[in-house]
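Dropping my_file_4.cif in here (mmCIF, C-alpha atoms):
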data_start
loop_
_atom_site.label_atom_id
_atom_site.label_comp_id
_atom_site.auth_asym_id
_atom_site.auth_seq_id
_atom_site.Cartn_x
_atom_site.Cartn_y
_atom_site.Cartn_z
CA MET A 1 0.00 0.00 0.00
CA ASN A 2 1.58 3.24 -1.14
CA PRO A 3 1.54 6.42 0.97
CA LEU A 4 -1.05 9.02 0.06
CA SER A 5 -0.30 12.62 -0.93
CA VAL A 6 1.46 15.08 1.34
CA VAL A 7 -1.84 16.85 2.10
CA VAL A 8 -3.36 13.69 3.53
CA ARG A 9 -0.19 12.87 5.45
CA THR A 10 0.00 16.34 7.00
CA ILE A 11 -3.64 16.27 8.03
CA CYS A 12 -3.06 12.82 9.52
CA ASN A 13 0.02 14.03 11.43
CA VAL A 14 -1.86 16.98 12.86
CA PHE A 15 -5.26 15.53 13.62
CA ALA A 16 -4.83 11.80 14.18
CA TRP A 17 -3.50 12.44 17.68
CA PHE A 18 -6.78 13.96 18.72
CA MET A 19 -8.30 10.56 18.03
CA ILE A 20 -6.09 9.05 20.75
CA VAL A 21 -7.03 11.86 23.13
CA PHE A 22 -10.75 11.49 22.44
CA GLY A 23 -10.63 7.70 22.68
CA SER A 24 -8.73 7.86 25.97
CA TYR A 25 -11.31 10.30 27.25
CA VAL A 26 -14.14 7.93 26.33
CA ILE A 27 -12.34 5.02 28.03
CA VAL A 28 -11.41 6.87 31.23
CA HIS A 29 -14.83 8.49 31.63
CA GLY A 30 -16.68 5.27 30.90
CA HIS A 31 -18.36 5.24 34.31
CA LEU A 32 -19.51 8.86 34.03
CA SER A 33 -20.59 9.41 30.44
CA PRO A 34 -21.81 7.26 27.56
CA GLY A 35 -19.08 5.07 26.17
CA GLY A 36 -16.60 2.80 27.84
CA GLY A 37 -13.79 0.43 27.11
CA PHE A 38 -15.13 -1.11 23.93
CA GLN A 39 -16.21 2.13 22.27
CA GLY A 40 -13.16 4.17 23.25
CA GLY A 41 -10.86 1.31 22.31
CA ALA A 42 -12.38 1.20 18.85
CA ILE A 43 -11.81 4.96 18.51
CA VAL A 44 -8.15 4.66 19.51
CA ALA A 45 -7.64 1.69 17.20
CA THR A 46 -8.89 3.86 14.31
CA PHE A 47 -5.67 5.83 14.78
CA MET A 48 -3.73 2.82 13.53
CA VAL A 49 -5.92 2.61 10.43
CA LEU A 50 -5.32 6.30 9.75
CA LEU A 51 -1.56 5.80 10.02
CA LEU A 52 -1.71 2.80 7.70
CA VAL A 53 -3.85 4.54 5.07
CA ALA A 54 -2.01 7.87 5.11
CA HIS A 55 1.61 6.75 5.46
CA GLY A 56 1.57 3.47 3.61
CA GLY A 57 2.45 -0.03 4.70
CA LYS A 58 6.25 0.11 4.80
CA ARG A 59 6.54 2.98 7.25
CA PHE A 60 3.56 1.69 9.24
CA LEU A 61 5.23 -1.68 9.78
CA ASP A 62 8.44 0.11 10.78
CA TRP A 63 6.59 2.06 13.42
CA VAL A 64 4.46 -0.55 15.12
CA ARG A 65 5.69 -3.08 17.64
CA GLU A 66 3.61 -6.25 17.51
CA GLY A 67 4.96 -7.69 20.74
CA LEU A 68 3.67 -4.65 22.59
CA PHE A 69 0.13 -5.17 21.28
CA SER A 70 0.27 -8.88 21.91
CA ALA A 71 1.30 -8.30 25.51
CA ALA A 72 -1.22 -5.48 26.03
CA GLU A 73 -4.07 -7.66 24.78
CA SER A 74 -3.28 -10.42 27.24
CA ILE A 75 -2.59 -7.99 30.08
CA GLY A 76 -5.92 -6.22 29.55
CA LEU A 77 -7.89 -9.43 29.73
CA LEU A 78 -5.88 -10.62 32.73
CA ILE A 79 -6.51 -7.36 34.63
CA PHE A 80 -10.21 -7.77 33.86
CA LEU A 81 -10.23 -11.36 35.13
CA GLY A 82 -8.13 -10.44 38.15
CA ALA A 83 -10.47 -7.60 39.11
CA GLY A 84 -13.32 -10.09 38.91
CA LEU A 85 -11.50 -12.73 40.93
CA LEU A 86 -10.36 -10.32 43.68
CA GLY A 87 -13.96 -9.85 44.75
CA MET A 88 -14.27 -13.61 45.11
CA SER A 89 -14.70 -13.40 48.89
CA THR A 90 -18.27 -12.25 48.24
CA THR A 91 -19.07 -13.30 44.68
CA PHE A 92 -17.37 -13.40 41.31
CA PHE A 93 -17.26 -9.83 39.91
CA TYR A 94 -18.15 -8.27 43.25
CA ASN A 95 -17.32 -4.57 43.27
CA PHE A 96 -14.92 -4.62 46.23
CA LEU A 97 -13.32 -1.25 45.40
CA ALA A 98 -16.50 0.83 45.46
CA LYS A 99 -16.68 3.25 48.39
CA SER A 100 -13.55 1.75 49.94
CA GLY A 101 -11.85 5.15 50.00
CA GLY A 102 -8.79 4.17 47.98
CA LEU A 103 -8.33 3.78 44.25
CA PHE A 104 -11.63 4.55 42.48
CA GLY A 105 -13.18 4.44 45.93
CA SER A 106 -14.88 7.76 46.57
CA PRO A 107 -18.63 7.74 47.04
CA VAL A 108 -20.89 9.72 44.70
CA PRO A 109 -23.69 12.04 45.81
CA LEU A 110 -27.14 10.63 45.13
CA GLY A 111 -29.33 12.12 42.43
CA SER A 112 -28.21 14.07 39.39
CA ASN A 113 -24.62 15.26 39.68
CA PRO A 114 -21.73 15.90 37.29
CA GLY A 115 -19.87 12.87 38.61
CA VAL A 116 -16.68 12.02 40.47
CA LEU A 117 -13.85 10.64 38.33
CA ASN A 118 -12.29 8.68 41.20
CA SER A 119 -15.41 6.61 41.85
CA ALA A 120 -17.14 3.44 40.70
CA GLY A 121 -14.60 0.90 42.01
CA THR A 122 -13.88 -2.03 39.73
CA VAL A 123 -16.16 -0.60 37.04
CA ALA A 124 -13.57 2.06 36.20
CA LEU A 125 -10.73 -0.44 36.51
CA MET A 126 -12.47 -2.89 34.18
CA ASN A 127 -13.17 -0.07 31.73
CA LEU A 128 -9.44 0.65 31.57
CA ALA A 129 -8.61 -3.04 31.22
CA VAL A 130 -11.15 -3.58 28.44
CA GLY A 131 -9.93 -0.38 26.77
CA ILE A 132 -6.35 -1.67 26.73
CA GLU A 133 -7.53 -5.01 25.41
CA VAL A 134 -9.69 -3.57 22.64
CA VAL A 135 -7.01 -1.09 21.50
CA ALA A 136 -4.38 -3.81 21.34
CA GLY A 137 -6.69 -6.41 19.81
CA LEU A 138 -8.07 -4.24 17.01
CA SER A 139 -4.63 -2.85 16.19
CA PHE A 140 -3.31 -6.41 16.09
CA ILE A 141 -6.09 -7.44 13.71
CA ILE A 142 -5.29 -4.48 11.44
CA ILE A 143 -1.55 -5.21 11.42
CA TYR A 144 -1.96 -8.89 10.72
CA MET A 145 -4.63 -8.49 8.06
CA PHE A 146 -2.41 -5.98 6.27
CA LYS A 147 0.56 -8.33 6.51
CA GLY A 148 -1.54 -11.20 5.16
CA ILE A 149 -2.58 -9.11 2.16
CA ARG A 150 1.08 -8.22 1.51
CA ILE A 151 2.01 -11.91 1.48
CA GLU A 152 -0.70 -12.67 -1.07
CA LEU A 153 0.38 -9.79 -3.31
CA ASP A 154 4.05 -10.78 -3.17
CA GLU A 155 3.28 -14.39 -4.08
CA GLU A 156 1.06 -13.24 -6.93
CA ASP A 157 3.82 -10.98 -8.22
CA GLU A 158 6.34 -13.80 -8.18
CA GLY A 159 3.91 -16.17 -9.82
CA HIS A 160 3.28 -13.85 -12.77
CA GLY A 161 6.95 -13.03 -13.15
CA ARG A 162 6.48 -9.28 -12.89
CA MET B 1 -46.99 -11.15 -15.60
CA ARG B 2 -49.46 -8.46 -14.71
CA GLY B 3 -51.43 -10.87 -12.55
CA TRP B 4 -48.31 -11.75 -10.57
CA ARG B 5 -47.65 -8.06 -9.99
CA ILE B 6 -51.13 -7.54 -8.60
CA LEU B 7 -50.62 -10.61 -6.40
CA TYR B 8 -47.32 -9.18 -5.11
CA LEU B 9 -48.99 -5.84 -4.42
CA VAL B 10 -51.81 -7.51 -2.50
CA GLY B 11 -49.30 -9.55 -0.49
CA LEU B 12 -47.26 -6.45 0.29
CA MET B 13 -50.36 -4.61 1.46
CA VAL B 14 -51.39 -7.55 3.64
CA VAL B 15 -47.93 -7.67 5.27
CA CYS B 16 -47.97 -3.89 5.76
CA GLY B 17 -51.41 -4.10 7.28
CA LEU B 18 -50.27 -6.81 9.68
CA PHE B 19 -47.27 -4.72 10.73
CA PHE B 20 -49.40 -1.61 11.27
CA GLY B 21 -51.88 -3.69 13.23
CA ALA B 22 -49.07 -4.98 15.41
CA LEU B 23 -47.83 -1.42 15.83
CA GLN B 24 -51.13 -0.41 17.41
CA ASP B 25 -50.64 -2.96 20.19
CA ILE B 26 -47.12 -1.88 21.13
CA HIS B 27 -46.82 -0.42 24.58
CA PRO B 28 -45.74 3.24 24.79
CA PHE B 29 -42.08 4.18 24.88
CA GLY B 30 -40.60 4.49 28.35
CA GLU B 31 -43.35 2.49 30.06
CA PRO B 32 -42.23 -1.14 30.11
CA VAL B 33 -44.69 -3.80 31.20
CA GLU B 34 -42.31 -5.30 33.75
CA SER B 35 -40.07 -2.65 35.30
CA ALA B 36 -39.00 -4.25 38.58
CA MET B 37 -35.47 -5.00 37.34
CA ASP B 38 -34.97 -1.52 35.83
CA ASP B 39 -36.24 0.17 38.99
CA TYR B 40 -33.88 -1.93 41.09
CA PHE B 41 -30.83 -0.93 39.07
CA ILE B 42 -31.80 2.74 38.83
CA ALA B 43 -32.50 2.96 42.56
CA ARG B 44 -29.44 1.05 43.79
CA ALA B 45 -26.64 1.76 41.30
CA GLN B 46 -25.52 5.02 42.92
CA GLU B 47 -25.61 4.02 46.56
CA GLU B 48 -24.44 0.40 46.17
CA ARG B 49 -21.73 0.69 43.54
CA ALA B 50 -21.03 4.46 43.50
CA VAL B 51 -21.55 4.60 39.71
CA ASN B 52 -23.28 7.51 38.04
CA ASN B 53 -23.69 5.71 34.71
CA VAL B 54 -26.25 3.01 35.38
CA VAL B 55 -25.67 1.34 32.00
CA THR B 56 -21.96 0.93 32.74
CA SER B 57 -22.73 -0.37 36.21
CA ILE B 58 -24.92 -3.09 34.68
CA VAL B 59 -22.44 -3.96 31.93
CA PHE B 60 -19.31 -4.08 34.09
CA ASP B 61 -20.65 -4.90 37.53
CA TYR B 62 -24.07 -6.48 37.82
CA ARG B 63 -23.52 -8.48 34.65
CA GLY B 64 -19.74 -8.45 34.53
CA PHE B 65 -19.70 -12.10 33.56
CA ASP B 66 -21.36 -11.15 30.27
CA THR B 67 -18.63 -8.61 29.59
CA LEU B 68 -16.00 -11.22 30.37
CA GLY B 69 -17.56 -13.28 27.60
CA GLU B 70 -17.35 -10.29 25.27
CA GLY B 71 -13.69 -9.86 26.06
CA ALA B 72 -13.12 -13.55 25.44
CA VAL B 73 -14.91 -13.25 22.09
CA LEU B 74 -12.62 -10.41 21.08
CA PHE B 75 -9.57 -12.38 22.21
CA THR B 76 -10.70 -15.40 20.21
CA ALA B 77 -11.32 -13.22 17.15
CA VAL B 78 -7.82 -11.75 17.36
CA THR B 79 -6.32 -15.20 17.84
CA SER B 80 -8.11 -16.59 14.81
CA VAL B 81 -7.15 -13.61 12.63
CA VAL B 82 -3.51 -14.09 13.60
CA ALA B 83 -3.78 -17.80 12.91
CA LEU B 84 -5.29 -17.05 9.50
CA PHE B 85 -2.93 -14.30 8.34
CA ARG B 86 0.39 -15.20 9.92
CA LYS B 87 3.50 -15.90 7.89
CA GLY B 88 4.79 -19.39 7.20
CA ARG B 89 1.55 -21.05 6.22
CA SER B 90 1.92 -24.71 5.43
#
Exercise: express the given structure as structure tokens:
Amino acid sequence: MNPLSVVVRTICNVFAWFMIVFGSYVIVHGHLSPGGGFQGGAIVATFMVLLLVAHGGKRFLDWVREGLFSAAESIGLLIFLGAGLLGMSTTFFYNFLAKSGGLFGSPVPLGSNPGVLNSAGTVALMNLAVGIEVVAGLSFIIIYMFKGIRIELDEEDEGHGR
Amino acid sequence: MRGWRILYLVGLMVVCGLFFGALQDIHPFGEPVESAMDDYFIARAQEERAVNNVVTSIVFDYRGFDTLGEGAVLFTAVTSVVALFRKGRS
């Protein structure tokens, strides 16, 4: 896949980062506003597609580190499972962090209120974990699908003697 | 040919009529028939779990096991894509 014109690349360089910021916002504020780990992760993973489309496959593959995504995918799911298992003294997926006073532990006022970021217990933690997992997983899918297409094209080229 | 068209038109009108008839029986928006579960979540989500977003509290807390399944589905999808597109196919 060849890189697009310099206009597209400049726009991508300037504006693609806002996609990461917006996606991180959706992930982190998942327990306060609409959205959450899955939606925000999909937004952040779109950044990788933008890089691939604007800058072409060669530079994209130079930039990305697959091992990082592979590890992040597993770590996200493990954090999610661990947060579920840590509440095992009551039940599986018990929200043991809520209103405990520590991490994500502040109580929220009842009724309509703008929300407290450091609240919601394991809900916020699981949002972050699922966000990490979705970002890594979708980026991994994009990288590997692109690589698979490259293999097919190369073989076709060799086969036709071009 | 023309007869078939008239038959199609009649069938379409019958189906439309059935749908509109069913639409008359639908209960109004925002007034579910059974609302015990919804009322429970809306009343308890803030004081029990300290979550402002009731939908997130259901997805990640009350029914966290469901979300674990979703995460596992995503993991399986990624694994199968990697298995399909990796180098060194035999």
Near chain B, 9 Å: chain A residue rows, closest pairs, all atoms listed in the file, as a tab-separated table:
residue	atom	partner	partner_atom	distance
A:Gly30	CA	B:Thr56	CA	7.1
A:His31	CA	B:Asn53	CA	5.4
A:Leu32	CA	B:Asn53	CA	5.3
A:Ser33	CA	B:Asn53	CA	6.4
A:Pro34	CA	B:Asn53	CA	7.6
A:Gly35	CA	B:Thr56	CA	8.3
A:Gly36	CA	B:Thr56	CA	7.5
A:Glu73	CA	B:Phe75	CA	7.7
A:Ser74	CA	B:Phe75	CA	8.3
A:Leu77	CA	B:Gly71	CA	6.9
A:Phe80	CA	B:Leu68	CA	7.6
A:Leu81	CA	B:Leu68	CA	7.5
A:Gly84	CA	B:Gly64	CA	7.9
A:Phe92	CA	B:Phe65	CA	8.2
A:Phe93	CA	B:Gly64	CA	6.1
A:Tyr94	CA	B:Asp61	CA	7.1
A:Asn95	CA	B:Asp61	CA	6.6
A:Leu97	CA	B:Arg49	CA	8.8
A:Ala98	CA	B:Arg49	CA	5.6
A:Lys99	CA	B:Ala50	CA	6.7
A:Gly105	CA	B:Ala50	CA	8.2
A:Ser106	CA	B:Ala50	CA	7.6
A:Pro107	CA	B:Ala50	CA	5.4
A:Val108	CA	B:Ala50	CA	5.4
A:Pro109	CA	B:Gln46	CA	7.8
A:Leu110	CA	B:Gln46	CA	6.2
A:Gly111	CA	B:Gln46	CA	8.1
A:Ser112	CA	B:Asn52	CA	8.3
A:Asn113	CA	B:Asn52	CA	8.0
A:Pro114	CA	B:Asn52	CA	8.6
A:Gly115	CA	B:Asn52	CA	6.4
A:Val116	CA	B:Asn52	CA	8.4
A:Ser119	CA	B:Ala50	CA	6.2
A:Ala120	CA	B:Val51	CA	4.7
A:Gly121	CA	B:Arg49	CA	7.3
A:Thr122	CA	B:Asp61	CA	7.7
A:Val123	CA	B:Phe60	CA	5.5
A:Ala124	CA	B:Phe60	CA	8.7
A:Met126	CA	B:Phe60	CA	6.9
A:Asn127	CA	B:Phe60	CA	7.7
A:Val130	CA	B:Gly71	CA	7.2
A:Glu133	CA	B:Gly71	CA	7.9
A:Val134	CA	B:Leu74	CA	7.6
A:Gly137	CA	B:Val78	CA	6.0
A:Leu138	CA	B:Val78	CA	7.5
A:Phe140	CA	B:Val78	CA	7.1
A:Ile141	CA	B:Val78	CA	5.9
A:Tyr144	CA	B:Phe85	CA	6.0
A:Met145	CA	B:Phe85	CA	6.1
A:Phe146	CA	B:Phe85	CA	8.6
A:Lys147	CA	B:Phe85	CA	7.2
A:Gly148	CA	B:Phe85	CA	4.7
A:Ile149	CA	B:Phe85	CA	8.1
A:Ile151	CA	B:Lys87	CA	7.7
Discussion item. Could you tell me, as a VMD selection string, exactly which residues end up selected when the PyMOL selection byres ((chain A and resi 19-21) around 10) is applied to this structure?
Written reply: chain A and resid 15 to 18 22 to 27 40 to 41 43 to 48 50
Would you save the residues of that selection, restricted to C-alpha atoms, as a PDB file, in the coordinates of the input?
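Everything below was put into selection-v2.pdb:
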ATOM      1  CA  PHE A  15      -5.260  15.530  13.620  1.00  0.00           C
ATOM      2  CA  ALA A  16      -4.830  11.800  14.180  1.00  0.00           C
ATOM      3  CA  TRP A  17      -3.500  12.440  17.680  1.00  0.00           C
ATOM      4  CA  PHE A  18      -6.780  13.960  18.720  1.00  0.00           C
ATOM      5  CA  PHE A  22     -10.750  11.490  22.440  1.00  0.00           C
ATOM      6  CA  GLY A  23     -10.630   7.700  22.680  1.00  0.00           C
ATOM      7  CA  SER A  24      -8.730   7.860  25.970  1.00  0.00           C
ATOM      8  CA  TYR A  25     -11.310  10.300  27.250  1.00  0.00           C
ATOM      9  CA  VAL A  26     -14.140   7.930  26.330  1.00  0.00           C
ATOM     10  CA  ILE A  27     -12.340   5.020  28.030  1.00  0.00           C
ATOM     11  CA  GLY A  40     -13.160   4.170  23.250  1.00  0.00           C
ATOM     12  CA  GLY A  41     -10.860   1.310  22.310  1.00  0.00           C
ATOM     13  CA  ILE A  43     -11.810   4.960  18.510  1.00  0.00           C
ATOM     14  CA  VAL A  44      -8.150   4.660  19.510  1.00  0.00           C
ATOM     15  CA  ALA A  45      -7.640   1.690  17.200  1.00  0.00           C
ATOM     16  CA  THR A  46      -8.890   3.860  14.310  1.00  0.00           C
ATOM     17  CA  PHE A  47      -5.670   5.830  14.780  1.00  0.00           C
ATOM     18  CA  MET A  48      -3.730   2.820  13.530  1.00  0.00           C
ATOM     19  CA  LEU A  50      -5.320   6.300   9.750  1.00  0.00           C
TER      20      LEU A  50
END
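The interatomic distance for the pair atom CA of A:Ala136 and atom CA of A:Leu52 works out to 15.4 Å.
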Discussion item. Which residues are near A:Gly56? Cut-off 8 Å, all atoms listed in the file, ignore same chain within fewer than 4 positions. Put them as a PyMOL selection string.
Written reply: chain A and resi 1-4+51-52+60
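Between atom CA of A:Ser89 and atom CA of B:Asp66 the separation is 19.9 Å.
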Need the axis-aligned box for stretch 99-111 of chain A with 4 Å each side, so what are the centre and edges in Å to one decimal, as JSON?
{"center_x": -18.8, "center_y": 6.9, "center_z": 46.2, "size_x": 29.0, "size_y": 18.4, "size_z": 15.6}
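Between atom CA of A:Ile11 and atom CA of A:His55 lies a distance of 11.2 Å.
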